[in-house]
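This is start19.pdb. It holds PDB, C-alpha atoms (C1' of nucleotides).
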```
ATOM      1  CA  MET A   1      64.381  47.556 -68.346
ATOM      2  CA  PRO A   2      65.342  51.105 -68.052
ATOM      3  CA  GLU A   3      68.639  52.623 -69.002
ATOM      4  CA  LEU A   4      69.384  56.323 -69.043
ATOM      5  CA  PRO A   5      67.074  57.307 -71.941
ATOM      6  CA  GLU A   6      64.135  55.500 -70.364
ATOM      7  CA  VAL A   7      64.842  56.994 -66.923
ATOM      8  CA  GLU A   8      65.172  60.467 -68.436
ATOM      9  CA  THR A   9      61.866  59.979 -70.280
ATOM     10  CA  VAL A  10      60.162  58.911 -67.058
ATOM     11  CA  CYS A  11      61.450  62.046 -65.298
ATOM     12  CA  ARG A  12      60.202  64.293 -68.096
ATOM     13  CA  SER A  13      56.788  62.663 -68.178
ATOM     14  CA  LEU A  14      56.420  62.778 -64.379
ATOM     15  CA  ARG A  15      57.152  66.509 -64.073
ATOM     16  CA  PRO A  16      53.921  67.955 -65.480
ATOM     17  CA  HIS A  17      51.884  65.658 -63.227
ATOM     18  CA  LEU A  18      53.864  66.012 -60.028
ATOM     19  CA  VAL A  19      55.865  69.206 -59.695
ATOM     20  CA  GLY A  20      54.009  71.685 -57.497
ATOM     21  CA  ARG A  21      51.660  68.993 -56.150
ATOM     22  CA  LYS A  22      51.424  67.952 -52.531
ATOM     23  CA  ILE A  23      51.473  64.352 -51.330
ATOM     24  CA  SER A  24      48.360  63.658 -49.299
ATOM     25  CA  HIS A  25      48.654  59.929 -48.680
ATOM     26  CA  ILE A  26      51.101  57.077 -49.230
ATOM     27  CA  GLU A  27      50.152  53.425 -49.074
ATOM     28  CA  VAL A  28      52.675  50.605 -49.287
ATOM     29  CA  ILE A  29      51.151  47.396 -50.575
ATOM     30  CA  GLU A  30      54.335  45.344 -50.881
ATOM     31  CA  ALA A  31      57.453  46.495 -49.027
ATOM     32  CA  ARG A  32      59.764  43.762 -50.283
ATOM     33  CA  LEU A  33      61.708  45.371 -53.103
ATOM     34  CA  ARG A  34      65.442  44.796 -53.533
ATOM     35  CA  ALA A  35      65.734  46.327 -50.085
ATOM     36  CA  PRO A  36      62.630  46.564 -47.892
ATOM     37  CA  ILE A  37      60.805  49.895 -48.157
ATOM     38  CA  ASP A  38      61.157  51.985 -44.995
ATOM     39  CA  GLU A  39      57.522  52.883 -44.354
ATOM     40  CA  GLY A  40      58.360  55.190 -41.469
ATOM     41  CA  ALA A  41      60.533  57.290 -43.749
ATOM     42  CA  LEU A  42      57.763  57.438 -46.363
ATOM     43  CA  ALA A  43      55.279  58.657 -43.756
ATOM     44  CA  GLN A  44      57.444  61.760 -43.347
ATOM     45  CA  LEU A  45      56.768  62.713 -46.956
ATOM     46  CA  VAL A  46      53.035  63.131 -46.457
ATOM     47  CA  GLY A  47      52.004  66.789 -46.568
ATOM     48  CA  ARG A  48      55.090  67.825 -48.530
ATOM     49  CA  LYS A  49      55.151  69.466 -51.924
ATOM     50  CA  ILE A  50      57.138  68.048 -54.836
ATOM     51  CA  VAL A  51      59.471  70.783 -56.019
ATOM     52  CA  ALA A  52      61.659  69.085 -58.662
ATOM     53  CA  ILE A  53      62.324  65.776 -60.384
ATOM     54  CA  GLY A  54      65.709  64.775 -61.757
ATOM     55  CA  ARG A  55      67.982  61.810 -62.132
ATOM     56  CA  LYS A  56      71.506  60.719 -61.366
ATOM     57  CA  GLY A  57      72.585  57.858 -63.591
ATOM     58  CA  LYS A  58      69.565  55.556 -63.564
ATOM     59  CA  TYR A  59      68.317  56.812 -60.180
ATOM     60  CA  ILE A  60      65.253  59.071 -60.127
ATOM     61  CA  LEU A  61      65.298  61.846 -57.535
ATOM     62  CA  ILE A  62      61.994  63.366 -56.470
ATOM     63  CA  ARG A  63      62.757  66.468 -54.415
ATOM     64  CA  LEU A  64      60.247  67.709 -51.853
ATOM     65  CA  ASP A  65      60.064  70.832 -49.759
ATOM     66  CA  GLY A  66      61.809  70.676 -46.427
ATOM     67  CA  GLY A  67      64.853  69.123 -48.125
ATOM     68  CA  LYS A  68      63.502  65.586 -48.435
ATOM     69  CA  VAL A  69      64.435  63.498 -51.466
ATOM     70  CA  TRP A  70      62.601  60.360 -52.572
ATOM     71  CA  VAL A  71      64.985  58.172 -54.554
ATOM     72  CA  PHE A  72      63.804  55.456 -56.947
ATOM     73  CA  HIS A  73      65.638  52.927 -59.048
ATOM     74  CA  LEU A  74      63.436  51.038 -61.508
ATOM     75  CA  GLY A  75      65.534  47.864 -61.579
ATOM     76  CA  MET A  76      64.536  45.721 -64.545
ATOM     77  CA  SER A  77      60.771  46.067 -64.538
ATOM     78  CA  GLY A  78      59.871  49.094 -62.404
ATOM     79  CA  LYS A  79      57.417  51.767 -63.553
ATOM     80  CA  LEU A  80      56.277  55.065 -62.084
ATOM     81  CA  VAL A  81      52.853  55.762 -63.536
ATOM     82  CA  CYS A  82      50.435  58.645 -63.027
ATOM     83  CA  LEU A  83      46.747  57.792 -62.876
ATOM     84  CA  ALA A  84      43.384  59.207 -61.954
ATOM     85  CA  SER A  85      42.437  58.575 -58.311
ATOM     86  CA  LYS A  86      40.552  55.388 -57.548
ATOM     87  CA  THR A  87      41.935  53.439 -60.492
ATOM     88  CA  ALA A  88      41.679  49.765 -59.544
ATOM     89  CA  LEU A  89      44.785  48.330 -57.946
ATOM     90  CA  ARG A  90      46.727  46.077 -60.307
ATOM     91  CA  LYS A  91      48.978  43.169 -59.538
ATOM     92  CA  HIS A  92      52.503  44.403 -58.687
ATOM     93  CA  ASP A  93      51.439  47.928 -57.713
ATOM     94  CA  HIS A  94      53.643  48.264 -54.620
ATOM     95  CA  ILE A  95      53.308  51.925 -53.607
ATOM     96  CA  VAL A  96      50.271  54.141 -54.188
ATOM     97  CA  VAL A  97      50.719  57.884 -53.672
ATOM     98  CA  GLN A  98      47.711  60.212 -53.523
ATOM     99  CA  LEU A  99      48.105  63.859 -54.437
ATOM    100  CA  ASN A 100      46.033  66.703 -53.115
ATOM    101  CA  ARG A 101      43.375  67.971 -55.529
ATOM    102  CA  GLY A 102      43.116  64.445 -56.973
ATOM    103  CA  GLY A 103      45.383  62.214 -58.995
ATOM    104  CA  GLU A 104      47.957  59.719 -57.875
ATOM    105  CA  PHE A 105      51.091  57.938 -58.917
ATOM    106  CA  ARG A 106      52.194  54.376 -58.326
ATOM    107  CA  TYR A 107      55.337  52.369 -58.192
ATOM    108  CA  HIS A 108      54.721  49.115 -60.067
ATOM    109  CA  ASP A 109      57.382  46.416 -60.412
ATOM    110  CA  PRO A 110      56.731  42.735 -61.222
ATOM    111  CA  ARG A 111      60.270  41.536 -60.525
ATOM    112  CA  ARG A 112      60.791  43.764 -57.464
ATOM    113  CA  PHE A 113      64.416  44.532 -58.319
ATOM    114  CA  GLY A 114      63.742  48.240 -57.843
ATOM    115  CA  ILE A 115      64.610  50.520 -54.955
ATOM    116  CA  SER A 116      62.681  53.189 -53.070
ATOM    117  CA  LEU A 117      64.419  55.119 -50.347
ATOM    118  CA  VAL A 118      64.161  58.473 -48.627
ATOM    119  CA  THR A 119      66.999  60.815 -47.847
ATOM    120  CA  THR A 120      67.653  64.551 -47.607
ATOM    121  CA  THR A 121      69.352  67.008 -49.925
ATOM    122  CA  ASP A 122      72.204  67.211 -47.436
ATOM    123  CA  ALA A 123      72.667  63.447 -47.137
ATOM    124  CA  LEU A 124      72.268  62.768 -50.847
ATOM    125  CA  GLY A 125      75.998  63.067 -51.413
ATOM    126  CA  GLU A 126      76.649  60.363 -48.846
ATOM    127  CA  LEU A 127      74.260  57.781 -50.277
ATOM    128  CA  ALA A 128      76.429  54.784 -51.069
ATOM    129  CA  GLN A 129      74.478  53.934 -54.212
ATOM    130  CA  LEU A 130      74.918  57.401 -55.685
ATOM    131  CA  ARG A 131      78.449  57.873 -54.468
ATOM    132  CA  ARG A 132      79.812  55.003 -56.431
ATOM    133  CA  LEU A 133      78.402  56.244 -59.741
ATOM    134  CA  GLY A 134      80.840  57.312 -62.424
ATOM    135  CA  VAL A 135      80.355  60.254 -64.801
ATOM    136  CA  ASP A 136      77.040  61.055 -66.385
ATOM    137  CA  PRO A 137      77.156  60.476 -70.153
ATOM    138  CA  PHE A 138      76.176  64.107 -70.773
ATOM    139  CA  ASP A 139      78.850  65.455 -68.443
ATOM    140  CA  PRO A 140      81.731  67.075 -70.362
ATOM    141  CA  GLU A 141      83.983  65.028 -68.076
ATOM    142  CA  LEU A 142      83.163  62.003 -70.217
ATOM    143  CA  THR A 143      86.089  62.379 -72.608
ATOM    144  CA  GLY A 144      88.209  59.917 -74.528
ATOM    145  CA  ALA A 145      90.979  60.471 -71.994
ATOM    146  CA  TYR A 146      88.654  59.696 -69.073
ATOM    147  CA  LEU A 147      87.463  56.462 -70.633
ATOM    148  CA  PHE A 148      90.913  55.440 -71.855
ATOM    149  CA  HIS A 149      92.160  55.679 -68.291
ATOM    150  CA  PHE A 150      89.849  52.730 -67.507
ATOM    151  CA  THR A 151      90.107  50.755 -70.729
ATOM    152  CA  ARG A 152      93.899  50.737 -70.991
ATOM    153  CA  SER A 153      94.349  48.862 -67.728
ATOM    154  CA  SER A 154      91.382  46.504 -67.849
ATOM    155  CA  HIS A 155      91.201  42.975 -69.179
ATOM    156  CA  ARG A 156      87.419  42.985 -69.080
ATOM    157  CA  ARG A 157      85.321  42.848 -72.195
ATOM    158  CA  ILE A 158      84.539  46.331 -73.473
ATOM    159  CA  ARG A 159      80.774  45.679 -73.382
ATOM    160  CA  ASP A 160      81.002  44.924 -69.660
ATOM    161  CA  LEU A 161      83.151  47.937 -68.947
ATOM    162  CA  LEU A 162      80.710  50.256 -70.741
ATOM    163  CA  PHE A 163      77.785  49.280 -68.555
ATOM    164  CA  ASP A 164      79.809  49.420 -65.348
ATOM    165  CA  GLN A 165      77.967  52.195 -63.486
ATOM    166  CA  GLN A 166      81.092  53.104 -61.544
ATOM    167  CA  ILE A 167      82.724  54.248 -64.785
ATOM    168  CA  ILE A 168      79.780  55.679 -66.761
ATOM    169  CA  ALA A 169      76.407  55.972 -65.021
ATOM    170  CA  GLY A 170      73.532  55.259 -67.362
ATOM    171  CA  LEU A 171      74.366  52.647 -69.980
ATOM    172  CA  GLY A 172      72.894  49.151 -69.795
ATOM    173  CA  ASN A 173      73.030  46.194 -72.116
ATOM    174  CA  ILE A 174      71.052  47.759 -74.977
ATOM    175  CA  TYR A 175      72.996  50.985 -75.326
ATOM    176  CA  ALA A 176      76.383  49.404 -74.602
ATOM    177  CA  ASN A 177      75.822  47.064 -77.546
ATOM    178  CA  GLU A 178      74.545  49.891 -79.745
ATOM    179  CA  VAL A 179      77.527  52.140 -79.033
ATOM    180  CA  LEU A 180      79.885  49.333 -79.968
ATOM    181  CA  PHE A 181      78.135  48.829 -83.281
ATOM    182  CA  LEU A 182      78.299  52.552 -84.047
ATOM    183  CA  THR A 183      82.013  52.606 -83.297
ATOM    184  CA  GLY A 184      82.902  49.342 -85.035
ATOM    185  CA  VAL A 185      84.157  47.482 -81.956
ATOM    186  CA  LYS A 186      83.211  43.879 -81.078
ATOM    187  CA  PRO A 187      81.522  43.591 -77.678
ATOM    188  CA  ALA A 188      83.845  40.755 -76.652
ATOM    189  CA  ALA A 189      87.005  42.795 -77.303
ATOM    190  CA  ARG A 190      89.220  43.122 -74.245
ATOM    191  CA  ALA A 191      89.226  46.753 -73.124
ATOM    192  CA  TYR A 192      93.011  47.066 -72.908
ATOM    193  CA  ARG A 193      93.368  46.205 -76.594
ATOM    194  CA  LEU A 194      91.391  49.232 -77.784
ATOM    195  CA  THR A 195      93.320  52.141 -79.202
ATOM    196  CA  ARG A 196      93.093  55.662 -77.870
ATOM    197  CA  LYS A 197      91.308  56.594 -81.061
ATOM    198  CA  GLN A 198      88.653  53.883 -80.731
ATOM    199  CA  VAL A 199      88.022  54.863 -77.135
ATOM    200  CA  GLN A 200      87.765  58.496 -78.164
ATOM    201  CA  ARG A 201      85.076  57.586 -80.686
ATOM    202  CA  ILE A 202      83.187  55.555 -78.100
ATOM    203  CA  ALA A 203      83.237  58.471 -75.653
ATOM    204  CA  GLU A 204      81.942  60.846 -78.327
ATOM    205  CA  THR A 205      79.264  58.477 -79.560
ATOM    206  CA  ILE A 206      77.701  57.700 -76.184
ATOM    207  CA  PRO A 207      75.976  61.082 -75.649
ATOM    208  CA  GLU A 208      74.942  61.242 -79.304
ATOM    209  CA  LEU A 209      73.277  57.834 -79.123
ATOM    210  CA  LEU A 210      71.547  58.572 -75.824
ATOM    211  CA  ARG A 211      70.296  61.929 -77.060
ATOM    212  CA  GLN A 212      68.808  60.188 -80.087
ATOM    213  CA  ALA A 213      67.179  57.526 -77.877
ATOM    214  CA  ILE A 214      65.699  60.199 -75.598
ATOM    215  CA  ARG A 215      64.261  61.929 -78.654
ATOM    216  CA  TRP A 216      62.376  58.668 -79.341
ATOM    217  CA  CYS A 217      61.354  58.417 -75.665
ATOM    218  CA  GLY A 218      63.484  55.339 -75.019
ATOM    219  CA  THR A 219      63.235  51.683 -75.992
ATOM    220  CA  SER A 220      60.130  49.582 -75.194
ATOM    221  CA  PHE A 221      60.303  45.831 -75.697
ATOM    222  CA  SER A 222      57.703  44.552 -73.319
ATOM    223  CA  ASP A 223      57.295  46.396 -70.060
ATOM    224  CA  TYR A 224      58.967  49.783 -70.281
ATOM    225  CA  ARG A 225      56.479  52.668 -70.229
ATOM    226  CA  ASP A 226      56.707  56.342 -69.235
ATOM    227  CA  ALA A 227      54.606  58.026 -66.532
ATOM    228  CA  ASP A 228      51.673  58.289 -68.967
ATOM    229  CA  ASP A 229      51.990  54.561 -69.713
ATOM    230  CA  LYS A 230      53.241  55.377 -73.229
ATOM    231  CA  ARG A 231      55.775  53.241 -75.057
ATOM    232  CA  GLY A 232      59.073  54.513 -76.373
ATOM    233  CA  ALA A 233      59.935  54.079 -80.059
ATOM    234  CA  PHE A 234      63.690  53.631 -80.150
ATOM    235  CA  GLN A 235      63.312  49.841 -80.520
ATOM    236  CA  ASN A 236      62.565  50.644 -84.179
ATOM    237  CA  HIS A 237      65.964  52.304 -84.546
ATOM    238  CA  LEU A 238      68.217  49.787 -82.824
ATOM    239  CA  ARG A 239      71.076  48.580 -85.002
ATOM    240  CA  VAL A 240      71.988  45.346 -83.215
ATOM    241  CA  TYR A 241      70.259  44.777 -79.887
ATOM    242  CA  ASP A 242      67.698  41.967 -80.157
ATOM    243  CA  ARG A 243      68.266  41.824 -83.935
ATOM    244  CA  ASP A 244      70.148  38.506 -84.138
ATOM    245  CA  GLY A 245      69.362  36.676 -87.347
ATOM    246  CA  GLU A 246      68.332  39.922 -89.054
ATOM    247  CA  ALA A 247      70.304  41.862 -91.649
ATOM    248  CA  CYS A 248      72.824  44.475 -90.587
ATOM    249  CA  ARG A 249      71.526  47.939 -91.434
ATOM    250  CA  VAL A 250      74.841  48.848 -93.062
ATOM    251  CA  CYS A 251      76.208  45.756 -94.810
ATOM    252  CA  PRO A 252      74.781  42.409 -96.051
ATOM    253  CA  SER A 253      75.866  40.435 -92.944
ATOM    254  CA  ILE A 254      73.537  38.883 -90.388
ATOM    255  CA  ILE A 255      73.587  40.184 -86.811
ATOM    256  CA  LYS A 256      74.999  37.654 -84.344
ATOM    257  CA  ARG A 257      74.115  37.014 -80.746
ATOM    258  CA  ILE A 258      76.631  35.611 -78.281
ATOM    259  CA  SER A 259      76.604  35.054 -74.563
ATOM    260  CA  LEU A 260      79.050  37.214 -72.611
ATOM    261  CA  GLY A 261      79.029  36.539 -68.923
ATOM    262  CA  ASN A 262      75.366  35.977 -68.254
ATOM    263  CA  ARG A 263      74.102  38.568 -70.712
ATOM    264  CA  SER A 264      73.569  38.447 -74.437
ATOM    265  CA  ALA A 265      75.695  40.578 -76.702
ATOM    266  CA  PHE A 266      74.796  41.489 -80.291
ATOM    267  CA  TYR A 267      77.050  42.589 -83.115
ATOM    268  CA  CYS A 268      77.663  42.629 -86.833
ATOM    269  CA  PRO A 269      80.536  40.262 -87.643
ATOM    270  CA  SER A 270      81.761  42.394 -90.526
ATOM    271  CA  CYS A 271      81.185  45.962 -89.280
ATOM    272  CA  GLN A 272      82.728  45.292 -85.872
ATOM    273  CA  LYS A 273      86.354  44.255 -85.334
TER     274      LYS A 273
ATOM    275  C1'  DC B   1      93.147  43.155 -56.362
ATOM    276  C1'  DG B   2      90.342  42.589 -60.669
ATOM    277  C1'  DG B   3      87.194  39.783 -62.750
ATOM    278  C1'  DT B   4      83.518  36.234 -63.012
ATOM    279  C1'  DG B   5      79.266  33.868 -61.827
ATOM    280  C1'  DG B   6      75.351  33.464 -59.303
ATOM    281  C1'  DA B   7      71.469  35.335 -56.589
ATOM    282  C1'  DC B   8      67.561  38.156 -56.294
ATOM    283  C1'  DC B   9      62.096  37.822 -58.644
ATOM    284  C1'  DT B  10      58.184  37.233 -61.952
ATOM    285  C1'  DG B  11      56.542  36.565 -66.531
ATOM    286  C1'  DC B  12      56.897  35.403 -71.200
ATOM    287  C1'  DT B  13      58.357  32.564 -75.155
ATOM    288  C1'  DG B  14      59.673  28.658 -77.700
ATOM    289  C1'  DG B  15      60.679  23.835 -78.028
ATOM    290  C1'  DC B  16      59.126  19.320 -77.225
TER     291       DC B  16
ATOM    292  C1'  DT C   1      47.306  21.977 -75.101
ATOM    293  C1'  DG C   2      50.702  21.686 -71.329
ATOM    294  C1'  DC C   3      55.039  21.740 -69.198
ATOM    295  C1'  DC C   4      59.569  23.274 -68.489
ATOM    296  C1'  DA C   5      63.922  25.459 -69.538
ATOM    297  C1'  DG C   6      65.842  29.597 -70.661
ATOM    298  C1'  DC C   7      65.859  34.305 -70.951
ATOM    299  C1'  DA C   8      64.788  39.485 -69.818
ATOM    300  C1'  DG C   9      66.334  46.455 -69.907
ATOM    301  C1'  DG C  10      70.093  45.830 -63.183
ATOM    302  C1'  DT C  11      72.791  45.503 -59.128
ATOM    303  C1'  DC C  12      75.314  43.389 -55.513
ATOM    304  C1'  DC C  13      78.160  40.071 -53.231
ATOM    305  C1'  DA C  14      80.903  35.877 -52.573
ATOM    306  C1'  DC C  15      84.597  33.724 -54.349
ATOM    307  C1'  DC C  16      88.824  32.668 -57.223
TER     308       DC C  16
END
```

Can the structure in the file be given as structure tokens, please?
Amino acid sequence: MPELPEVETVCRSLRPHLVGRKISHIEVIEARLRAPIDEGALAQLVGRKIVAIGRKGKYILIRLDGGKVWVFHLGMSGKLVCLASKTALRKHDHIVVQLNRGGEFRYHDPRRFGISLVTTTDALGELAQLRRLGVDPFDPELTGAYLFHFTRSSHRRIRDLLFDQQIIAGLGNIYANEVLFLTGVKPAARAYRLTRKQVQRIAETIPELLRQAIRWCGTSFSDYRDADDKRGAFQNHLRVYDRDGEACRVCPSIIKRISLGNRSAFYCPSCQK
DNA sequence: CGGTGGACCTGCTGGC
DNA sequence: TGCCAGCAGGTCCACC
């Protein structure tokens, strides 16, 4: 579900509800996520105040006083939603967190591909999951030269390389396909065949596209929602993703869908070479 | 080593 | 209407 714009939107919508609030109770209903939830570690968060919420790549970092950090990854179908206390439990609500002075938030995830783990500010840098992440798309380190270093020596398809989190942390299948449309490159192109100039354009376009998607609060097909359970609107602005059979927004061609690896790729056969 | 394909899990859609 | 195959925004690991 969630790529960087959706994760960023979730962080922004969580902040007004959570920052400055104290956790008064945590209940785990289903511990079997991608890795089992460590309930002992969660118990140590009770009584602490949430001081900041941020993200690294697609990971959400909830920082608490005393140096604790609660890390979430939403997987494909995870949601963090804020609710009034005593709202009836729904199917797939796996963690329920009560706040002092009322209110709560929940981790909800039908497919259970998500992650919840607890660490400390000091140990954050050693977390394997975070350590292997590449540059953030908004980091000035994401330059044409940085990306070309990877593309020039790789025989992978460019679409696959763009959503490799070890290279750029934040793109998934939607935005990788969209960037390639905006830069006129076919998703199946082998990375090493791209010119320096094409790669430069891709590197420049990535933050522009993501900024635009964040402005629309992300892309909602079926399950993605922010912390207020609101949908994003960027699905109305997608150029190729999920638009196979429809007209290209730029030329008269019809958008095609192909299977690359185990994921669909979408492109315009005349705008993309 | 780099690259690919499958596994993990539930729910929805479309074809028959 | 019902059933079943195929597919979904992500990540990781075994295998060639």

Exercise for the section: List, as a ChimeraX atom specification, every residue that the PyMOL selection byres ((chain A and resi 259) around 12) selects in the file provided. Expected result: /A:157,159-160,173,187-188,256-258,260-267 /C:7

Show me, as JSON lines, the residues of chain A having an atom within 7 Å of chain C, each with the closest atom pair and its distance in Å, using only C-alpha atoms (C1' of nucleotides).
```
{"residue": "A:Met1", "atom": "CA", "partner": "C:DG9", "partner_atom": "C1'", "distance": 2.7}
{"residue": "A:Pro2", "atom": "CA", "partner": "C:DG9", "partner_atom": "C1'", "distance": 5.1}
{"residue": "A:Glu3", "atom": "CA", "partner": "C:DG9", "partner_atom": "C1'", "distance": 6.6}
{"residue": "A:Gly75", "atom": "CA", "partner": "C:DG10", "partner_atom": "C1'", "distance": 5.2}
{"residue": "A:Met76", "atom": "CA", "partner": "C:DG9", "partner_atom": "C1'", "distance": 5.7}
```

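When the PyMOL selection byres ((chain B) within 10 of (chain A)) is run on the displayed coordinates, the residues it returns are B:DG2, B:DG3, B:DT4, B:DG5, B:DG6, B:DC8, B:DC9, B:DT10, B:DG11, B:DC12.
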
Report, as AutoDock Vina command-line options, the centre and edge lengths in Å (one decimal) of the axis-aligned box enclosing every listed atom of region 4-9 of chain B, padded by 4 Å on each side.
```
--center_x 72.8 --center_y 35.8 --center_z -59.7 --size_x 29.4 --size_y 12.7 --size_z 14.7
```

Exercise for the section: Record the distance separating CA of Gln165 (chain A) and CA of Ala128 (chain A), expressed in Å with one decimal. Expected result: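 CA of Ala128 (chain A) lies 12.8 Å from CA of Gln165 (chain A).
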
Exercise for the section: Please tell me which residues are no farther than 6 Å from (64.3, 58.6, -51.7) in the file, counting all atoms listed in the file, and write them as a list of chain:residue names. Expected result: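 Looking at atoms near the point gives A:Val69, A:Trp70, A:Val71, A:Ser116, A:Leu117, A:Val118, A:Thr119.
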
Exercise for the section: Please measure the separation of CA of Phe105 (chain A) and CA of Thr120 (chain A), giving the value in Å to one decimal. Expected result: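 Those two atoms sit 21.1 Å apart.
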
Handout entry: Result set of the PyMOL selection byres ((chain A and resi 12) around 12) on the coordinates above, as a PyMOL selection string
Key = chain A and resi 5-11+13-19+52-55+60-62+80+214-215+217-218+226-228

Exercise for the section: Take CA of Val81 (chain A) and CA of Arg225 (chain A) and report the distance between them in Å, one decimal. Expected result: 8.2 Å

Handout entry: Residue contacts of Leu194 (chain A) (12 Å, all atoms listed in the file) excluding same-chain residues fewer than 4 positions away, as a ChimeraX atom specification
Key = /A:144,147-158,180,183-190,198-202,273

Counting all atoms listed in the file, select every polymer residue within 9 Å of (76.7, 54.4, -75.0) as defined in the file's coordinates, and provide the selection as a PDB file with C-alpha atoms, in the coordinates of the input.
```pdb
ATOM      1  CA  PRO A 137      77.156  60.476 -70.153  1.00  0.00           C
ATOM      2  CA  LEU A 162      80.710  50.256 -70.741  1.00  0.00           C
ATOM      3  CA  PHE A 163      77.785  49.280 -68.555  1.00  0.00           C
ATOM      4  CA  ILE A 168      79.780  55.679 -66.761  1.00  0.00           C
ATOM      5  CA  GLY A 170      73.532  55.259 -67.362  1.00  0.00           C
ATOM      6  CA  LEU A 171      74.366  52.647 -69.980  1.00  0.00           C
ATOM      7  CA  GLY A 172      72.894  49.151 -69.795  1.00  0.00           C
ATOM      8  CA  ILE A 174      71.052  47.759 -74.977  1.00  0.00           C
ATOM      9  CA  TYR A 175      72.996  50.985 -75.326  1.00  0.00           C
ATOM     10  CA  ALA A 176      76.383  49.404 -74.602  1.00  0.00           C
ATOM     11  CA  ASN A 177      75.822  47.064 -77.546  1.00  0.00           C
ATOM     12  CA  GLU A 178      74.545  49.891 -79.745  1.00  0.00           C
ATOM     13  CA  VAL A 179      77.527  52.140 -79.033  1.00  0.00           C
ATOM     14  CA  LEU A 180      79.885  49.333 -79.968  1.00  0.00           C
ATOM     15  CA  ILE A 202      83.187  55.555 -78.100  1.00  0.00           C
ATOM     16  CA  ALA A 203      83.237  58.471 -75.653  1.00  0.00           C
ATOM     17  CA  GLU A 204      81.942  60.846 -78.327  1.00  0.00           C
ATOM     18  CA  THR A 205      79.264  58.477 -79.560  1.00  0.00           C
ATOM     19  CA  ILE A 206      77.701  57.700 -76.184  1.00  0.00           C
ATOM     20  CA  PRO A 207      75.976  61.082 -75.649  1.00  0.00           C
ATOM     21  CA  GLU A 208      74.942  61.242 -79.304  1.00  0.00           C
ATOM     22  CA  LEU A 209      73.277  57.834 -79.123  1.00  0.00           C
ATOM     23  CA  LEU A 210      71.547  58.572 -75.824  1.00  0.00           C
TER      24      LEU A 210
END
```

Practice task
Counting all atoms listed in the file, figure out which residue out of A:Lys197, A:Lys56, A:Lys22, A:His237 gets nearest to Arg132 (chain A).
Solution key: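 Among the listed residues, the smallest separation from Arg132 (chain A) belongs to A:Lys56.
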